[in-house]
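Structure file start_27.cif with mmCIF, C-alpha atoms:
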data_protein
#
loop_
_atom_site.label_atom_id
_atom_site.label_comp_id
_atom_site.auth_asym_id
_atom_site.auth_seq_id
_atom_site.Cartn_x
_atom_site.Cartn_y
_atom_site.Cartn_z
CA SER A 235 9.26 24.92 5.76
CA ALA A 236 7.23 22.49 3.68
CA CYS A 237 5.48 23.82 0.62
CA ILE A 238 4.42 22.76 -2.86
CA ARG A 239 6.50 22.98 -6.00
CA ALA A 240 5.63 22.05 -9.58
CA LYS A 241 7.34 19.15 -11.32
CA ARG A 242 7.99 21.27 -14.38
CA CYS A 243 8.14 24.76 -12.86
CA LYS A 244 5.04 25.99 -14.65
CA GLU A 245 2.61 28.02 -12.55
CA LEU A 246 -1.11 27.73 -13.12
CA PRO A 247 -3.40 30.74 -13.39
CA PHE A 248 -5.79 29.19 -10.83
CA GLU A 249 -5.61 27.44 -7.46
CA PRO A 250 -4.54 23.76 -7.18
CA PHE A 251 -7.24 21.18 -6.44
CA GLN A 252 -9.76 23.43 -8.20
CA GLU A 253 -11.53 22.64 -11.43
CA ARG A 254 -9.54 24.35 -14.16
CA PRO A 255 -11.30 27.02 -16.23
CA ALA A 256 -12.69 25.98 -19.60
CA SER A 257 -10.42 28.55 -21.21
CA TYR A 258 -7.29 26.81 -19.92
CA GLN A 259 -6.14 24.53 -22.71
CA SER A 260 -2.95 22.95 -21.36
CA GLY A 261 -2.98 19.17 -21.76
CA GLU A 262 -0.84 18.60 -18.65
CA ASP A 263 -1.35 20.83 -15.60
CA ARG A 264 1.21 21.61 -12.95
CA CYS A 265 0.87 23.98 -10.00
CA THR A 266 3.29 25.82 -7.75
CA ILE A 267 2.75 27.23 -4.27
CA GLY A 268 5.70 28.87 -2.58
CA LYS A 269 9.19 29.30 -3.97
CA GLY A 270 12.62 28.34 -2.72
CA CYS A 271 11.33 25.28 -0.91
CA LYS A 272 12.99 21.89 -0.77
CA THR A 273 10.02 19.64 -0.03
CA PRO A 274 7.93 19.27 -3.18
CA VAL A 275 4.44 18.04 -3.82
CA GLN A 276 3.89 17.54 -7.53
CA HIS A 277 0.53 17.55 -9.26
CA SER A 278 -1.14 16.50 -12.49
CA TRP A 279 -4.87 17.13 -12.85
CA GLN A 280 -7.64 15.94 -15.11
CA GLN A 281 -11.32 16.77 -15.22
CA GLN A 282 -13.39 14.37 -13.12
CA PRO A 283 -17.14 13.67 -13.45
CA LYS A 284 -19.33 14.15 -10.39
CA THR A 285 -20.53 11.51 -7.98
CA GLU A 286 -20.25 10.73 -4.25
CA MET A 287 -16.69 9.83 -3.25
CA LEU A 288 -13.07 10.83 -3.79
CA LEU A 289 -10.83 7.75 -3.88
CA VAL A 290 -7.13 8.55 -3.54
CA GLY A 291 -4.48 5.92 -4.22
CA LEU A 292 -1.45 6.00 -1.90
CA THR A 293 1.78 4.10 -2.49
CA GLY A 294 5.54 4.47 -2.19
CA GLY A 295 8.79 2.57 -1.94
CA ILE A 296 10.23 0.57 0.91
CA ALA A 297 11.15 2.84 3.86
CA THR A 298 9.94 6.03 2.19
CA GLY A 299 7.26 6.78 4.79
CA LYS A 300 4.01 5.52 3.26
CA SER A 301 2.92 3.90 6.52
CA THR A 302 3.59 7.16 8.34
CA VAL A 303 1.31 9.00 5.91
CA THR A 304 -1.41 6.36 6.30
CA ALA A 305 -1.22 6.53 10.09
CA TRP A 306 -1.46 10.33 9.94
CA PHE A 307 -4.58 10.20 7.76
CA ARG A 308 -6.17 7.87 10.31
CA THR A 309 -5.51 10.37 13.11
CA LYS A 310 -7.51 12.88 11.08
CA ASN A 311 -10.46 10.44 10.84
CA VAL A 312 -9.97 9.92 7.11
CA ALA A 313 -11.21 6.53 5.88
CA VAL A 314 -8.33 4.24 4.88
CA ILE A 315 -8.46 0.96 2.98
CA ASP A 316 -5.24 -0.85 3.88
CA CYS A 317 -4.43 -3.44 1.22
CA ASP A 318 -1.75 -5.03 3.41
CA GLN A 319 -4.34 -5.60 6.13
CA LEU A 320 -6.78 -7.01 3.59
CA VAL A 321 -4.12 -9.50 2.49
CA HIS A 322 -3.35 -10.48 6.10
CA ASP A 323 -7.05 -11.11 6.69
CA LEU A 324 -7.28 -13.20 3.52
CA GLN A 325 -4.31 -15.30 4.65
CA LYS A 326 -5.67 -16.20 8.07
CA PRO A 327 -5.64 -19.92 9.00
CA GLY A 328 -8.22 -22.02 7.23
CA THR A 329 -9.30 -19.47 4.63
CA ARG A 330 -9.80 -20.30 0.95
CA CYS A 331 -6.86 -18.06 0.09
CA THR A 332 -4.54 -19.90 2.48
CA ARG A 333 -5.60 -23.27 1.05
CA ALA A 334 -4.93 -21.97 -2.47
CA LEU A 335 -1.44 -20.87 -1.43
CA ASP A 336 -0.83 -24.32 0.05
CA ARG A 337 -1.70 -25.93 -3.27
CA ALA A 338 0.46 -23.49 -5.26
CA PHE A 339 3.46 -23.51 -2.89
CA PRO A 340 3.65 -26.80 -0.97
CA GLY A 341 5.26 -26.43 2.42
CA VAL A 342 4.40 -22.77 3.10
CA VAL A 343 1.29 -23.66 5.12
CA LYS A 344 1.89 -25.51 8.38
CA ASN A 345 -0.95 -26.75 10.61
CA GLY A 346 -3.38 -24.66 8.57
CA ALA A 347 -1.46 -21.39 9.11
CA LEU A 348 0.59 -19.59 6.48
CA ASP A 349 4.31 -19.35 7.21
CA ARG A 350 5.02 -15.92 5.73
CA ALA A 351 8.78 -16.31 6.10
CA ALA A 352 8.68 -19.57 4.14
CA LEU A 353 6.53 -17.99 1.44
CA GLY A 354 8.88 -15.02 1.20
CA ALA A 355 11.88 -17.31 0.92
CA ALA A 356 10.12 -19.36 -1.77
CA ILE A 357 9.50 -16.39 -4.08
CA PHE A 358 12.47 -14.15 -3.27
CA GLY A 359 14.59 -13.52 -6.35
CA ASP A 360 12.36 -15.67 -8.56
CA ALA A 361 10.26 -13.61 -10.96
CA ALA A 362 8.27 -16.61 -12.16
CA LYS A 363 7.23 -17.56 -8.62
CA ARG A 364 6.30 -13.94 -7.84
CA ARG A 365 4.04 -13.94 -10.89
CA LYS A 366 2.56 -17.23 -9.71
CA LEU A 367 1.88 -15.71 -6.28
CA ASP A 368 0.24 -12.68 -7.91
CA ALA A 369 -1.96 -14.99 -9.99
CA VAL A 370 -3.10 -16.84 -6.86
CA MET A 371 -3.73 -13.72 -4.78
CA ARG A 372 -5.23 -11.41 -7.38
CA PRO A 373 -8.79 -12.85 -7.48
CA PHE A 374 -9.07 -12.85 -3.68
CA ILE A 375 -7.69 -9.31 -3.40
CA ALA A 376 -9.93 -8.02 -6.19
CA LYS A 377 -13.12 -9.34 -4.58
CA THR A 378 -12.24 -8.05 -1.11
CA LEU A 379 -11.13 -4.67 -2.43
CA ILE A 380 -14.29 -4.18 -4.46
CA GLN A 381 -16.33 -4.95 -1.35
CA ALA A 382 -14.36 -2.42 0.73
CA ILE A 383 -14.62 0.35 -1.87
CA GLY A 384 -18.27 -0.45 -2.50
CA TYR A 385 -19.02 -0.19 1.23
CA HIS A 386 -17.61 3.35 1.44
CA PHE A 387 -19.31 4.31 -1.83
CA CYS A 388 -22.70 3.14 -0.55
CA MET A 389 -22.15 4.79 2.86
CA GLY A 390 -21.44 8.11 1.18
CA THR A 391 -17.88 8.47 2.54
CA SER A 392 -16.54 11.66 0.98
CA LEU A 393 -12.80 10.86 1.07
CA VAL A 394 -11.13 7.43 1.07
CA ILE A 395 -7.39 6.68 0.99
CA LEU A 396 -6.47 3.44 -0.77
CA ASP A 397 -3.14 2.37 0.77
CA ALA A 398 -1.77 -0.04 -1.82
CA PRO A 399 1.94 -1.00 -2.04
CA LEU A 400 1.21 -2.47 -5.50
CA LEU A 401 -1.03 0.38 -6.67
CA PHE A 402 0.52 0.60 -10.13
CA GLU A 403 1.49 -3.06 -10.46
CA PHE A 404 -2.15 -4.12 -9.97
CA LYS A 405 -3.38 -1.10 -11.99
CA LEU A 406 -5.46 0.10 -9.05
CA ASP A 407 -4.59 3.68 -9.96
CA LYS A 408 -7.12 3.30 -12.79
CA ILE A 409 -10.02 3.38 -10.33
CA CYS A 410 -8.65 6.30 -8.27
CA ALA A 411 -9.35 9.97 -8.83
CA LEU A 412 -5.66 10.63 -8.24
CA SER A 413 -2.58 8.83 -6.95
CA ILE A 414 -0.02 9.88 -4.33
CA VAL A 415 3.52 8.49 -4.10
CA VAL A 416 5.61 8.93 -0.96
CA ALA A 417 9.24 9.13 -2.06
CA ALA A 418 12.71 9.59 -0.63
CA ALA A 419 16.17 10.09 -2.08
CA PRO A 420 17.96 6.78 -2.86
CA GLU A 421 20.63 7.32 -0.21
CA THR A 422 17.98 8.17 2.40
CA GLN A 423 15.94 5.13 1.48
CA LEU A 424 19.01 2.87 1.73
CA LYS A 425 19.97 4.20 5.16
CA ARG A 426 16.44 3.71 6.47
CA VAL A 427 16.23 0.10 5.27
CA VAL A 428 19.61 -0.73 6.83
CA ALA A 429 18.62 0.84 10.16
CA ARG A 430 15.06 -0.52 10.24
CA ASP A 431 15.81 -4.12 9.25
CA ALA A 432 19.29 -4.35 10.83
CA ILE A 433 20.86 -5.63 7.60
CA ASP A 434 23.87 -4.64 5.54
CA GLU A 435 23.72 -2.35 2.51
CA GLU A 436 23.96 -5.18 0.00
CA ALA A 437 20.90 -6.93 1.44
CA ALA A 438 19.08 -3.61 1.65
CA LYS A 439 19.75 -2.89 -2.01
CA LYS A 440 18.32 -6.28 -2.97
CA ARG A 441 15.10 -5.52 -1.09
CA ILE A 442 14.80 -2.11 -2.73
CA ASN A 443 15.52 -3.50 -6.20
CA ALA A 444 12.92 -6.25 -5.74
CA GLN A 445 10.21 -3.56 -5.95
CA MET A 446 8.96 -1.52 -8.86
CA PRO A 447 11.49 1.34 -9.36
CA LEU A 448 10.46 4.40 -7.38
CA ALA A 449 11.31 6.64 -10.34
CA LEU A 450 8.71 4.84 -12.43
CA LYS A 451 6.07 5.30 -9.73
CA LEU A 452 6.92 9.00 -9.55
CA ASP A 453 6.55 9.28 -13.31
CA ARG A 454 3.05 7.75 -13.17
CA CYS A 455 1.64 9.47 -10.07
CA ASP A 456 -0.37 12.69 -9.76
CA VAL A 457 1.08 13.88 -6.45
CA ALA A 458 4.58 13.16 -5.10
CA LEU A 459 5.43 13.67 -1.44
CA GLN A 460 9.18 13.94 -0.94
CA ASN A 461 10.01 12.65 2.55
CA ASP A 462 13.73 13.13 3.19
CA THR A 463 13.67 14.90 6.54
CA SER A 464 11.54 14.23 9.63
CA LYS A 465 8.06 13.06 10.54
CA VAL A 466 7.33 16.54 11.85
CA ALA A 467 8.06 18.07 8.44
CA LEU A 468 6.03 15.37 6.68
CA HIS A 469 3.06 15.87 9.02
CA ALA A 470 3.22 19.62 8.47
CA LEU A 471 3.20 19.12 4.71
CA LEU A 472 0.17 16.84 4.96
CA GLU A 473 -1.61 19.23 7.32
CA ARG A 474 -1.10 22.38 5.28
CA GLY A 475 -0.57 21.25 1.72
CA VAL A 476 -2.43 17.99 1.13
CA LEU A 477 -5.41 17.23 3.37
CA PRO A 478 -7.20 20.62 3.03
CA ARG A 479 -7.10 20.36 -0.74
CA LEU A 480 -8.26 16.74 -0.75
CA GLN A 481 -11.15 17.64 1.54
CA LYS A 482 -12.04 20.62 -0.60
CA ARG A 483 -12.05 18.52 -3.73
CA ALA A 484 -14.03 15.77 -1.99
CA ARG A 485 -16.71 18.28 -1.01
CA ARG A 486 -16.98 19.17 -4.66
CA ARG A 487 -17.79 15.50 -5.27
CA TYR A 488 -15.14 14.49 -7.77
CA PHE A 489 -14.42 10.84 -8.49
CA VAL A 490 -14.46 8.31 -11.29
CA SER A 491 -17.96 7.71 -12.57
CA LEU A 492 -20.00 4.86 -11.09
CA PRO A 493 -20.24 3.10 -14.50
CA GLY A 494 -16.47 3.50 -14.84
CA PHE A 495 -15.88 1.98 -11.40
CA ILE A 496 -18.14 -0.98 -12.21
CA PHE A 497 -16.43 -1.48 -15.58
CA VAL A 498 -12.93 -1.53 -14.05
CA ALA A 499 -14.08 -3.79 -11.20
CA VAL A 500 -15.45 -6.31 -13.69
CA LEU A 501 -12.19 -6.16 -15.68
CA ILE A 502 -10.11 -6.80 -12.54
CA TYR A 503 -12.30 -9.74 -11.60
CA THR A 504 -12.48 -11.19 -15.12
CA PHE A 505 -8.80 -11.02 -16.03
CA SER A 506 -7.32 -11.76 -12.60
#
Here is a file; write its structure as structure tokens.
Amino acid sequence: SACIRAKRCKELPFEPFQERPASYQSGEDRCTIGKGCKTPVQHSWQQQPKTEMLLVGLTGGIATGKSTVTAWFRTKNVAVIDCDQLVHDLQKPGTRCTRALDRAFPGVVKNGALDRAALGAAIFGDAAKRRKLDAVMRPFIAKTLIQAIGYHFCMGTSLVILDAPLLFEFKLDKICALSIVVAAAPETQLKRVVARDAIDEEAAKKRINAQMPLALKLDRCDVALQNDTSKVALHALLERGVLPRLQKRARRRYFVSLPGFIFVAVLIYTFS
């Protein structure tokens, strides 16, 4: 059965997702619930100032199950900001973003509509062109994302999931109270990509290697969801081990401070 295990096998003298006692001096907290389990959720906590909303960053690797987690949160009526959907909306025919892509990558926009396959082919395997694409997209994404987060903040939404494939690459984890990474073993991830995309292993490895290494994401996250088995097991883990604690912490009104959010938002906009 799914349960929670510490990354460094060090049990805490208090419950996870609670504010740690002032007497607890450890610089890096880890918690353990249950023993002998094989499906870990790993934690790292820091004190958070009080305000109105808990923003949780969610990311993962290709074919690790991030979309499954996002879909599950939606079934529980948790607010989700889907960065992929934001990008699709920005790249609709005739938008300023689409025109900017046309100027940066001639030939990828046809009859006013973005040809995503052509854009993907243009940047695949070329680090310089990927950086160029990031430079074009970043200002548009930053403005739209700030609007989406600001909307939920002003509406008093208690818990918001920020589904961002490039959470760490765009440094969006800096504006989140905590970050979650959905992970899978390398062999599991490879098999899923081959089956899902109907490609051979060599092509699948290239797609996996084109992303930020999953090990690096795991090293930087606060919570790691290991998804090597079934959707049923993953849903059970979310139901029993993740959502109740997020909701409990959201009710206690933990988040980055409003001045901190504004400061980071200005930085993203200024340096994008």
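Distances here use all atoms listed in the file; by that measure, the residue among A:Leu459, A:Gln445, A:Ala382, A:Val321 closest to Ala361 of chain A is A:Gln445.
From atom CA of Ile383 of chain A back to atom CA of Arg485 of chain A, the distance works out to 18.1 Å.
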Selected by the PyMOL selection byres ((chain A and resi 393) around 10) in the shown coordinates: which residues, as a compact mmCIF listing (two decimals) with C-alpha atoms, in the coordinates of the input?
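So result_15.txt came out as:
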# COMPACT_ATOMS: atom_id res chain seq x y z
CA GLU A 286 -20.25 10.73 -4.25
CA MET A 287 -16.69 9.83 -3.25
CA LEU A 288 -13.07 10.83 -3.79
CA LEU A 289 -10.83 7.75 -3.88
CA VAL A 290 -7.13 8.55 -3.54
CA VAL A 312 -9.97 9.92 7.11
CA ALA A 313 -11.21 6.53 5.88
CA VAL A 314 -8.33 4.24 4.88
CA HIS A 386 -17.61 3.35 1.44
CA PHE A 387 -19.31 4.31 -1.83
CA GLY A 390 -21.44 8.11 1.18
CA THR A 391 -17.88 8.47 2.54
CA SER A 392 -16.54 11.66 0.98
CA VAL A 394 -11.13 7.43 1.07
CA ILE A 395 -7.39 6.68 0.99
CA LEU A 396 -6.47 3.44 -0.77
CA LEU A 480 -8.26 16.74 -0.75
CA GLN A 481 -11.15 17.64 1.54
CA LYS A 482 -12.04 20.62 -0.60
CA ARG A 483 -12.05 18.52 -3.73
CA ALA A 484 -14.03 15.77 -1.99
CA ARG A 485 -16.71 18.28 -1.01
CA ARG A 487 -17.79 15.50 -5.27
CA TYR A 488 -15.14 14.49 -7.77
CA PHE A 489 -14.42 10.84 -8.49
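Atom pair atom CA of Ala297 of chain A / atom CA of Ala444 of chain A: separated by 13.3 Å.
Rounded to one decimal, atom CA of Cys317 of chain A and atom CA of Asp434 of chain A lie 28.7 Å from each other.
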### Task
Identify all residues satisfying the PyMOL selection byres ((chain A and resi 304) around 12) in the given file; provide them as number ranges by chain.
A: 290-294, 299-303, 305-318, 394-399, 414-416, 468-469, 472, 477
Counting only C-alpha atoms, which residues of segment 351-454 of chain A sit at most 10 Å from some atom of segment 325-343 of chain A, and what is each one's closest atom pair with its distance in Å to one decimal, listed by chain and rising residue number, as a tab-separated table?
residue	atom	partner	partner_atom	distance
A:Ala351	CA	A:Val342	CA	8.4
A:Ala352	CA	A:Val342	CA	5.4
A:Leu353	CA	A:Val342	CA	5.5
A:Gly354	CA	A:Val342	CA	9.2
A:Ala355	CA	A:Val342	CA	9.5
A:Ala356	CA	A:Phe339	CA	7.9
A:Ile357	CA	A:Phe339	CA	9.4
A:Lys363	CA	A:Phe339	CA	9.1
A:Lys366	CA	A:Ala338	CA	8.0
A:Leu367	CA	A:Leu335	CA	7.8
A:Val370	CA	A:Leu335	CA	7.0
A:Met371	CA	A:Cys331	CA	7.2
A:Pro373	CA	A:Cys331	CA	9.4
A:Phe374	CA	A:Cys331	CA	6.8
A:Ile375	CA	A:Cys331	CA	9.5
### Task
Expand the PyMOL selection byres ((chain A and resi 418) around 7) into the individual residues it matches in the shown file, reporting them as an MDAnalysis selection string.
chainID A and resid 298 417 419:420 422:423 460:462
### Summary
Of A:Leu424, A:Leu450, A:Leu406, A:Leu412, the one sitting nearest Ala376 of chain A when using only C-alpha atoms is A:Leu406
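Distance annotation: of A:Leu320, A:Leu452, A:Val466, A:Val457, the residue with the minimal separation from Lys377 of chain A is A:Leu320; atom set is all atoms listed in the file.
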